[in-house]
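A.B. asks: The following file, protein.cif, comprises mmCIF, C-alpha atoms:
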data_target
#
loop_
_atom_site.group_PDB
_atom_site.id
_atom_site.type_symbol
_atom_site.label_atom_id
_atom_site.label_comp_id
_atom_site.auth_asym_id
_atom_site.auth_seq_id
_atom_site.Cartn_x
_atom_site.Cartn_y
_atom_site.Cartn_z
ATOM 1 C CA MET A 1 72.068 158.494 45.308
ATOM 2 C CA ASN A 2 73.232 154.941 45.855
ATOM 3 C CA LYS A 3 70.918 151.978 45.376
ATOM 4 C CA ILE A 4 68.719 150.929 48.277
ATOM 5 C CA ILE A 5 68.580 147.196 48.903
ATOM 6 C CA LEU A 6 66.029 145.550 51.176
ATOM 7 C CA ALA A 7 67.718 142.500 52.712
ATOM 8 C CA SER A 8 64.404 140.734 53.316
ATOM 9 C CA THR A 9 61.978 138.613 51.329
ATOM 10 C CA SER A 10 59.024 139.740 53.485
ATOM 11 C CA PRO A 11 56.186 140.837 51.203
ATOM 12 C CA ARG A 12 54.938 143.118 54.008
ATOM 13 C CA ARG A 13 58.251 144.990 54.286
ATOM 14 C CA LYS A 14 58.322 145.351 50.509
ATOM 15 C CA GLU A 15 54.765 146.772 50.504
ATOM 16 C CA LEU A 16 55.627 149.305 53.224
ATOM 17 C CA LEU A 17 58.631 150.670 51.297
ATOM 18 C CA GLU A 18 56.587 150.775 48.086
ATOM 19 C CA ARG A 19 53.784 152.629 49.882
ATOM 20 C CA GLU A 20 56.257 155.413 50.712
ATOM 21 C CA GLY A 21 57.522 155.605 47.125
ATOM 22 C CA ILE A 22 61.028 154.426 48.051
ATOM 23 C CA ASP A 23 62.937 153.058 45.055
ATOM 24 C CA PHE A 24 64.651 149.819 46.093
ATOM 25 C CA ILE A 25 65.536 146.285 45.080
ATOM 26 C CA VAL A 26 65.212 143.090 47.120
ATOM 27 C CA ASP A 27 68.177 140.831 47.741
ATOM 28 C CA ALA A 28 68.182 138.619 50.822
ATOM 29 C CA SER A 29 70.316 135.761 52.040
ATOM 30 C CA SER A 30 69.523 132.936 54.403
ATOM 31 C CA ILE A 31 71.197 133.163 57.774
ATOM 32 C CA ASP A 32 71.013 131.279 61.050
ATOM 33 C CA GLU A 33 68.427 133.301 62.965
ATOM 34 C CA THR A 34 69.499 132.092 66.409
ATOM 35 C CA MET A 35 69.610 135.021 68.793
ATOM 36 C CA ASP A 36 72.248 135.679 71.432
ATOM 37 C CA GLU A 37 70.308 134.927 74.631
ATOM 38 C CA THR A 38 72.868 136.821 76.743
ATOM 39 C CA LEU A 39 71.897 140.189 75.228
ATOM 40 C CA PRO A 40 68.888 142.298 76.271
ATOM 41 C CA ILE A 41 65.953 141.803 73.893
ATOM 42 C CA LYS A 42 66.399 145.017 71.872
ATOM 43 C CA GLU A 43 70.144 144.437 71.410
ATOM 44 C CA ARG A 44 69.471 140.817 70.466
ATOM 45 C CA LEU A 45 67.063 141.945 67.781
ATOM 46 C CA CYS A 46 69.392 144.681 66.475
ATOM 47 C CA GLN A 47 72.171 142.084 66.201
ATOM 48 C CA LEU A 48 69.890 139.795 64.190
ATOM 49 C CA SER A 49 68.844 142.601 61.820
ATOM 50 C CA LYS A 50 72.554 143.415 61.335
ATOM 51 C CA ASP A 51 73.285 139.732 60.678
ATOM 52 C CA LYS A 52 70.584 139.725 57.988
ATOM 53 C CA ALA A 53 71.918 142.885 56.321
ATOM 54 C CA GLU A 54 75.642 142.087 56.502
ATOM 55 C CA PRO A 55 75.957 139.502 53.679
ATOM 56 C CA ILE A 56 74.019 141.816 51.360
ATOM 57 C CA HIS A 57 76.190 144.758 52.443
ATOM 58 C CA HIS A 58 79.269 142.747 51.397
ATOM 59 C CA LYS A 59 77.632 142.202 48.015
ATOM 60 C CA TYR A 60 76.780 145.922 47.609
ATOM 61 C CA PRO A 61 79.419 147.691 49.757
ATOM 62 C CA GLN A 62 78.771 151.203 48.384
ATOM 63 C CA ASP A 63 74.972 151.033 48.589
ATOM 64 C CA ILE A 64 72.343 151.360 51.300
ATOM 65 C CA VAL A 65 71.273 147.997 52.719
ATOM 66 C CA ILE A 66 68.285 147.635 55.048
ATOM 67 C CA GLY A 67 67.893 144.544 57.237
ATOM 68 C CA ALA A 68 65.075 144.025 59.741
ATOM 69 C CA ASP A 69 63.598 141.551 62.166
ATOM 70 C CA THR A 70 60.292 141.582 64.031
ATOM 71 C CA ILE A 71 59.277 139.689 67.150
ATOM 72 C CA VAL A 72 56.210 139.449 69.314
ATOM 73 C CA TYR A 73 57.103 139.608 73.010
ATOM 74 C CA PHE A 74 54.681 138.425 75.682
ATOM 75 C CA GLN A 75 55.386 137.937 79.382
ATOM 76 C CA ASP A 76 59.171 138.040 78.824
ATOM 77 C CA CYS A 77 58.996 135.401 76.081
ATOM 78 C CA ILE A 78 59.544 135.675 72.338
ATOM 79 C CA ILE A 79 56.553 134.393 70.378
ATOM 80 C CA GLY A 80 57.799 133.237 66.996
ATOM 81 C CA LYS A 81 56.038 131.888 63.963
ATOM 82 C CA ALA A 82 53.671 128.986 64.606
ATOM 83 C CA LYS A 83 54.803 125.530 63.493
ATOM 84 C CA ASN A 84 51.236 124.406 62.756
ATOM 85 C CA ARG A 85 47.579 125.279 63.295
ATOM 86 C CA GLU A 86 47.492 123.949 66.870
ATOM 87 C CA ASP A 87 50.541 126.034 67.769
ATOM 88 C CA ALA A 88 48.889 129.114 66.212
ATOM 89 C CA TYR A 89 45.679 128.419 68.158
ATOM 90 C CA GLN A 90 47.590 128.200 71.466
ATOM 91 C CA THR A 91 49.460 131.436 70.683
ATOM 92 C CA LEU A 92 46.317 133.382 69.838
ATOM 93 C CA MET A 93 44.486 132.069 72.927
ATOM 94 C CA MET A 94 47.430 133.213 75.037
ATOM 95 C CA LEU A 95 47.333 136.711 73.468
ATOM 96 C CA SER A 96 43.526 136.976 73.756
ATOM 97 C CA ASN A 97 42.416 139.816 76.045
ATOM 98 C CA GLN A 98 46.064 140.681 76.772
ATOM 99 C CA LYS A 99 48.694 143.276 75.948
ATOM 100 C CA HIS A 100 51.811 142.195 74.080
ATOM 101 C CA ILE A 101 54.737 144.076 72.612
ATOM 102 C CA VAL A 102 56.006 143.975 69.058
ATOM 103 C CA TYR A 103 59.612 144.961 68.430
ATOM 104 C CA THR A 104 61.086 145.600 65.007
ATOM 105 C CA ALA A 105 64.808 146.183 64.779
ATOM 106 C CA VAL A 106 66.396 147.731 61.711
ATOM 107 C CA ALA A 107 70.005 147.776 60.559
ATOM 108 C CA ILE A 108 70.963 150.170 57.773
ATOM 109 C CA TYR A 109 74.365 149.967 56.126
ATOM 110 C CA ASN A 110 75.402 153.092 54.259
ATOM 111 C CA GLY A 111 78.819 152.418 52.764
ATOM 112 C CA ASN A 112 81.062 151.726 55.756
ATOM 113 C CA SER A 113 78.683 153.049 58.399
ATOM 114 C CA LEU A 114 76.032 151.042 60.218
ATOM 115 C CA HIS A 115 72.973 152.520 61.919
ATOM 116 C CA THR A 116 70.667 150.323 64.046
ATOM 117 C CA PHE A 117 67.513 151.054 65.995
ATOM 118 C CA CYS A 118 64.660 149.127 67.545
ATOM 119 C CA GLU A 119 61.060 150.317 67.646
ATOM 120 C CA LYS A 120 58.477 149.117 70.178
ATOM 121 C CA THR A 121 54.692 149.051 69.803
ATOM 122 C CA GLU A 122 52.210 147.834 72.407
ATOM 123 C CA VAL A 123 49.263 145.851 71.038
ATOM 124 C CA TYR A 124 46.133 145.274 73.114
ATOM 125 C CA PHE A 125 43.899 142.410 71.974
ATOM 126 C CA LYS A 126 40.193 142.079 72.757
ATOM 127 C CA ASP A 127 38.822 138.726 73.882
ATOM 128 C CA ILE A 128 39.320 136.919 70.560
ATOM 129 C CA SER A 129 38.603 133.352 71.708
ATOM 130 C CA SER A 130 35.434 133.088 69.577
ATOM 131 C CA MET A 131 37.215 134.427 66.449
ATOM 132 C CA ILE A 132 40.340 132.258 66.410
ATOM 133 C CA ASP A 133 39.081 129.212 64.478
ATOM 134 C CA GLU A 134 37.676 131.310 61.649
ATOM 135 C CA TYR A 135 40.935 133.272 61.484
ATOM 136 C CA LEU A 136 43.004 130.084 61.383
ATOM 137 C CA ASP A 137 40.815 128.801 58.528
ATOM 138 C CA SER A 138 41.943 131.825 56.477
ATOM 139 C CA GLY A 139 45.581 130.643 56.613
ATOM 140 C CA GLU A 140 46.665 134.251 57.134
ATOM 141 C CA TRP A 141 48.512 133.309 60.352
ATOM 142 C CA MET A 142 51.134 131.239 58.517
ATOM 143 C CA GLY A 143 54.656 132.625 58.514
ATOM 144 C CA LYS A 144 53.833 135.476 60.888
ATOM 145 C CA ALA A 145 55.350 136.214 64.288
ATOM 146 C CA GLY A 146 52.639 135.866 66.911
ATOM 147 C CA SER A 147 50.460 133.991 64.385
ATOM 148 C CA TYR A 148 48.672 137.077 63.102
ATOM 149 C CA GLY A 149 48.939 139.912 60.613
ATOM 150 C CA ILE A 150 47.614 143.193 62.033
ATOM 151 C CA GLN A 151 47.088 144.633 58.542
ATOM 152 C CA GLY A 152 44.746 141.819 57.495
ATOM 153 C CA LYS A 153 41.826 139.898 58.962
ATOM 154 C CA ALA A 154 43.388 140.030 62.448
ATOM 155 C CA SER A 155 42.841 143.799 62.572
ATOM 156 C CA VAL A 156 39.521 142.973 64.314
ATOM 157 C CA PHE A 157 41.501 141.425 67.212
ATOM 158 C CA VAL A 158 42.969 144.789 68.160
ATOM 159 C CA GLU A 159 41.425 146.904 70.868
ATOM 160 C CA ARG A 160 44.161 149.553 70.529
ATOM 161 C CA ILE A 161 47.833 150.036 69.805
ATOM 162 C CA VAL A 162 50.338 152.354 71.408
ATOM 163 C CA GLY A 163 53.068 153.105 68.896
ATOM 164 C CA ASP A 164 53.538 152.693 65.173
ATOM 165 C CA LYS A 165 51.361 150.133 63.374
ATOM 166 C CA ASP A 166 54.086 149.727 60.709
ATOM 167 C CA THR A 167 56.389 148.364 63.438
ATOM 168 C CA VAL A 168 53.841 145.593 64.004
ATOM 169 C CA ILE A 169 53.561 144.935 60.263
ATOM 170 C CA GLY A 170 57.338 144.534 60.128
ATOM 171 C CA LEU A 171 59.102 147.791 59.244
ATOM 172 C CA PRO A 172 58.960 151.232 60.911
ATOM 173 C CA VAL A 173 59.049 152.794 57.472
ATOM 174 C CA MET A 174 58.639 156.448 58.516
ATOM 175 C CA ARG A 175 61.763 156.212 60.674
ATOM 176 C CA ILE A 176 63.614 154.639 57.731
ATOM 177 C CA LYS A 177 62.323 157.356 55.402
ATOM 178 C CA GLU A 178 63.598 160.036 57.827
ATOM 179 C CA PHE A 179 67.007 158.365 57.856
ATOM 180 C CA LEU A 180 67.134 158.119 54.059
ATOM 181 C CA ASP A 181 66.161 161.796 53.818
ATOM 182 C CA TYR A 182 68.957 162.582 56.274
ATOM 183 C CA LEU A 183 71.428 160.697 54.068
ATOM 184 C CA GLN A 184 70.264 162.822 51.139
ATOM 185 C CA GLY A 185 71.120 165.959 53.125
ATOM 186 C CA LYS A 186 67.647 166.810 54.357
ATOM 187 C CA SER A 187 67.034 167.513 58.051
ATOM 188 C CA TRP A 188 66.580 164.543 60.340
ATOM 189 C CA GLY A 189 64.409 164.934 63.420
#
So that I can check it, write out the structure of this file as structure tokens.

C.D. replies:
Amino acid sequence: MNKIILASTSPRRKELLEREGIDFIVDASSIDETMDETLPIKERLCQLSKDKAEPIHHKYPQDIVIGADTIVYFQDCIIGKAKNREDAYQTLMMLSNQKHIVYTAVAIYNGNSLHTFCEKTEVYFKDISSMIDEYLDSGEWMGKAGSYGIQGKASVFVERIVGDKDTVIGLPVMRIKEFLDYLQGKSWG
């Protein structure tokens, strides 16, 4: 089978692929991550994941290249990564006692073919107002969409999720595994 290349430097995406025993290498390039505001949110995200994978696909045209992007979506707005502690505080206060959606889009190049999909998970937070300062002190919020990592200390924020937790972490790895199995000739459901 061809090499699998993860076109992302995200340690969380790397951990998810490793957890499933997928043999891969990491090679990512920097791109302008500006989204096309004219597209619906899922298409916008799929386009961005494709944009991330494309330069790596050109570098490894015969191999399998996986690009991904994750966003937190709340009240029709994209919640990105916080610029500083105050920004993170405001974001977490806004999400406290509310439902938000996390989308992760994936683009997979396999030779000349491209397959994209976007997964959606609903995340319901408890009232976290009394926990935010301690969480911010941990520094875990830095570099994360929505200013939290569901797999870490922020797991206590969650009342419940509807969907795949891996989508919130940054990569719907079971769906990717199904697709890779399909490419190897196994059934794909």

A.B. asks: For CA of Ser155 (chain A) and CA of Lys126 (chain A), determine how far apart the two atoms are, in Å to one decimal place.

C.D. replies: 10.7 Å

A.B. asks: Could you tell me which of A:Asp76, A:Asp127, A:Asp69, A:Asp87 comes closest to Ser49 (chain A) if we count only C-alpha atoms?

C.D. replies: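 With only C-alpha atoms as the atom set, the closest residue is A:Asp69.
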
A.B. asks: Nearest residue to Gln98 (chain A) out of A:His57, A:Ile161, A:Leu136, A:Asn112, using all atoms listed in the file?

C.D. replies: A:Ile161

A.B. asks: To one decimal place, how far is CA of Glu122 (chain A) from CA of Glu159 (chain A) in Å?

C.D. replies: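 Interatomic distance, CA of Glu122 (chain A) to CA of Glu159 (chain A): 10.9 Å.
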
A.B. asks: Could you pull the residues within 12 Å of Glu43 (chain A), counting only C-alpha atoms, minus those fewer than 5 positions along the same chain, as a list in words?

C.D. replies: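 Using only C-alpha atoms, the neighbours found are Met35, Asp36, Glu37, Thr38, Leu48, Ser49, Lys50, Asp69, Tyr103, Thr104, Ala105, Val106, Ala107, Thr116, Phe117, Cys118 and Glu119 of chain A.
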
A.B. asks: Name the closest residue to Tyr89 (chain A) among the candidates A:Val158, A:Leu6, A:Leu180, A:Ile132; distances are taken between atoms, counting all atoms listed in the file.

C.D. replies: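 Closest to Tyr89 (chain A) of all the choices is A:Ile132.
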
A.B. asks: For Val65 (chain A), please output as a count of residues only all residues within 9 Å (counting all atoms listed in the file; exclusion window: fewer than 5 positions along the same chain).

C.D. replies: 15

A.B. asks: For the provided coordinates, the residues matched by the PyMOL selection byres ((chain A and resi 99) around 12) should be stated as an NGL selection string.

C.D. replies: :A and (72-75 or 92 or 94-98 or 100-102 or 121-127 or 157-162)

A.B. asks: Any chance you could model all heavy atoms for region 68-79 of chain A and send them as a short mmCIF file (atom, residue, chain, number, x, y, z; two decimals), in the frame of the given file?

C.D. replies:
data_model
loop_
_atom_site.label_atom_id
_atom_site.label_comp_id
_atom_site.auth_asym_id
_atom_site.auth_seq_id
_atom_site.Cartn_x
_atom_site.Cartn_y
_atom_site.Cartn_z
N ALA A 68 66.03 143.84 58.65
CA ALA A 68 65.08 144.02 59.74
C ALA A 68 64.65 142.69 60.31
O ALA A 68 64.72 141.66 59.63
CB ALA A 68 63.85 144.80 59.24
N ASP A 69 64.19 142.73 61.55
CA ASP A 69 63.60 141.55 62.17
C ASP A 69 62.52 142.00 63.14
O ASP A 69 62.67 143.03 63.81
CB ASP A 69 64.64 140.70 62.89
CG ASP A 69 64.12 139.29 63.12
OD1 ASP A 69 63.95 138.56 62.13
OD2 ASP A 69 63.85 138.93 64.28
N THR A 70 61.43 141.25 63.18
CA THR A 70 60.29 141.58 64.03
C THR A 70 59.99 140.41 64.95
O THR A 70 60.01 139.26 64.52
CB THR A 70 59.04 141.87 63.16
OG1 THR A 70 59.35 142.94 62.27
CG2 THR A 70 57.83 142.23 64.01
N ILE A 71 59.72 140.74 66.22
CA ILE A 71 59.28 139.69 67.15
C ILE A 71 58.07 140.17 67.94
O ILE A 71 57.87 141.37 68.14
CB ILE A 71 60.37 139.25 68.15
CG1 ILE A 71 60.84 140.43 69.00
CG2 ILE A 71 61.51 138.55 67.46
CD1 ILE A 71 61.52 140.02 70.28
N VAL A 72 57.29 139.21 68.37
CA VAL A 72 56.21 139.45 69.31
C VAL A 72 56.74 139.01 70.68
O VAL A 72 57.34 137.93 70.80
CB VAL A 72 54.95 138.64 68.91
CG1 VAL A 72 53.88 138.73 69.98
CG2 VAL A 72 54.41 139.15 67.58
N TYR A 73 56.55 139.85 71.68
CA TYR A 73 57.10 139.61 73.01
C TYR A 73 55.96 139.64 74.02
O TYR A 73 55.23 140.64 74.11
CB TYR A 73 58.13 140.71 73.31
CG TYR A 73 59.15 140.38 74.35
CD1 TYR A 73 60.04 139.32 74.20
CD2 TYR A 73 59.25 141.17 75.50
CE1 TYR A 73 61.00 139.05 75.16
CE2 TYR A 73 60.22 140.91 76.46
CZ TYR A 73 61.08 139.85 76.29
OH TYR A 73 62.04 139.58 77.25
N PHE A 74 55.79 138.54 74.74
CA PHE A 74 54.68 138.43 75.68
C PHE A 74 55.17 137.77 76.96
O PHE A 74 55.74 136.67 76.91
CB PHE A 74 53.56 137.61 75.04
CG PHE A 74 52.37 137.38 75.94
CD1 PHE A 74 51.54 138.44 76.29
CD2 PHE A 74 52.08 136.12 76.42
CE1 PHE A 74 50.44 138.23 77.11
CE2 PHE A 74 50.98 135.90 77.23
CZ PHE A 74 50.16 136.97 77.58
N GLN A 75 54.97 138.45 78.07
CA GLN A 75 55.39 137.94 79.38
C GLN A 75 56.83 137.44 79.37
O GLN A 75 57.13 136.31 79.75
CB GLN A 75 54.43 136.85 79.87
CG GLN A 75 53.02 137.38 80.10
CD GLN A 75 52.04 136.33 80.59
OE1 GLN A 75 52.29 135.14 80.53
NE2 GLN A 75 50.89 136.79 81.05
N ASP A 76 57.73 138.31 78.88
CA ASP A 76 59.17 138.04 78.82
C ASP A 76 59.56 136.85 77.94
O ASP A 76 60.63 136.27 78.12
CB ASP A 76 59.76 137.85 80.23
CG ASP A 76 59.62 139.10 81.08
OD1 ASP A 76 59.71 140.21 80.51
OD2 ASP A 76 59.42 138.98 82.30
N CYS A 77 58.69 136.49 77.01
CA CYS A 77 59.00 135.40 76.08
C CYS A 77 58.80 135.88 74.65
O CYS A 77 57.87 136.62 74.35
CB CYS A 77 58.07 134.20 76.31
SG CYS A 77 58.36 133.37 77.85
N ILE A 78 59.68 135.39 73.77
CA ILE A 78 59.54 135.68 72.34
C ILE A 78 58.54 134.69 71.76
O ILE A 78 58.66 133.48 71.94
CB ILE A 78 60.90 135.53 71.62
CG1 ILE A 78 61.88 136.60 72.13
CG2 ILE A 78 60.73 135.62 70.11
CD1 ILE A 78 63.30 136.42 71.64
N ILE A 79 57.56 135.23 71.05
CA ILE A 79 56.55 134.39 70.38
C ILE A 79 56.89 134.41 68.89
O ILE A 79 56.71 135.42 68.22
CB ILE A 79 55.12 134.95 70.59
CG1 ILE A 79 54.83 135.24 72.07
CG2 ILE A 79 54.10 134.01 69.97
CD1 ILE A 79 54.86 134.05 72.98
#
